[in-house]
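So the structure is just underneath, and the comments pick up after that.
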Amino acid sequence: MALSIGDKAPDFELVSLGDNGPETVKLSDQLGSGNILLLFVPMAFTGVCTTEFCSITSELDEYKNLNASVFGISGDNPFAQAAWAEKEGIGIKLLSDYEHTATQAYGIAYESFLPEKNLIMGGVPKRSAFIVDSEGTIQYAEVKDSPGDLPDFDAIKAKLGELG
């Protein structure tokens, strides 16, 4: 079951590909300096995921003005994520949940992704958005069952505006 508003955000330690190679990003290390927007997507190099992250990239200044850091999370390895970001011009920090530990902790894993195509890929994250405040409490939670549905970014921005 997915986490809800008021729940404590599970800590995670995921890998990102930085300028000097792989680096670890721990959620608890990000707390205390504003709000955090976690955007889980099913897979790199797919149309809707690319559209979502490119749109967020074009609005990064708006999110910064709303006192929010944005992280994109998928189960892809960090090298695939970096290639995707370079190809598409994605400018948000991408975190690799390659072993699906964060996806499981947030309760948002598909049991079987794309079963109609006989691609039984368990553990893939559902498209989801979580706002975590500076204390580590979830202030907004949205989980989409359909991978083609985007989160309500107007509602996300409104909530960030309330939180300050």
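Each chain of the structure tokens is named A, B, ... in the order shown, its residues numbered from 1; ligands are numbered from 1 in display order.
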
Q: Fewer than 4 positions away in the same chain doesn't count, so skip those; otherwise give me all residues within 12 Å of Thr57 in chain A, counting only C-alpha atoms, as a list of chain:residue names.
A: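 So, after excluding close chain neighbours, the residues are A:Thr50, A:Thr51, A:Glu52, A:Phe53, A:Asp61, A:Glu62, A:Tyr63, A:Lys64, A:Ser69, A:Val70, A:Phe71, A:Gly72, A:Ala85, A:Glu88, A:Gly89, A:Ile90, A:Gly91, A:Ile92, A:Lys93, A:Leu94.
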
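Backbone DSSP of range 31-98 of chain A yields alpha helix (DSSP H) at Gly47, Val48, Cys49, Thr50, Thr51, Glu52, Phe53, Cys54, Ser55, Ile56, Thr57, Ser58, Leu60, Asp61, Glu62, Tyr63, Lys64, Asn65, Pro78, Phe79, Ala80, Gln81, Ala82, Ala83, Trp84, Ala85, Glu86, Lys87 and Glu88 of chain A.
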
(Q) I'd like to know which of A:Val15, A:Val48, A:Leu31, A:Ala83 is closest to Asp149 in chain A, using only C-alpha atoms. (A)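 Nearest candidate to Asp149 in chain A out of A:Val15, A:Val48, A:Leu31, A:Ala83: A:Val48.
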
Q: Output as a PyMOL selection string all residues of range 3-159 of chain A that backbone DSSP marks as strand (DSSP E or B).
A: chain A and resi 8+13-18+21-26+35-40+68-74+93-96+109+113+121+125+128-132+137-143

Q. Using only C-alpha atoms, which residue out of A:Gly32, A:Lys8, A:Lys26, A:Ser128 lies closest to Asn67 in chain A?
A. A:Gly32

(Q) Between A:Met1, A:Ile131, A:Leu95, A:Ile56, which residue has the minimum interatomic distance to Met43 in chain A, considering only C-alpha atoms? (A) A:Leu95

Q | Interatomic distance (Å, one decimal) between CA of Gly47 in chain A and CA of Ser4 in chain A | A |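 Pair CA of Gly47 in chain A / CA of Ser4 in chain A returns 27.7 Å.
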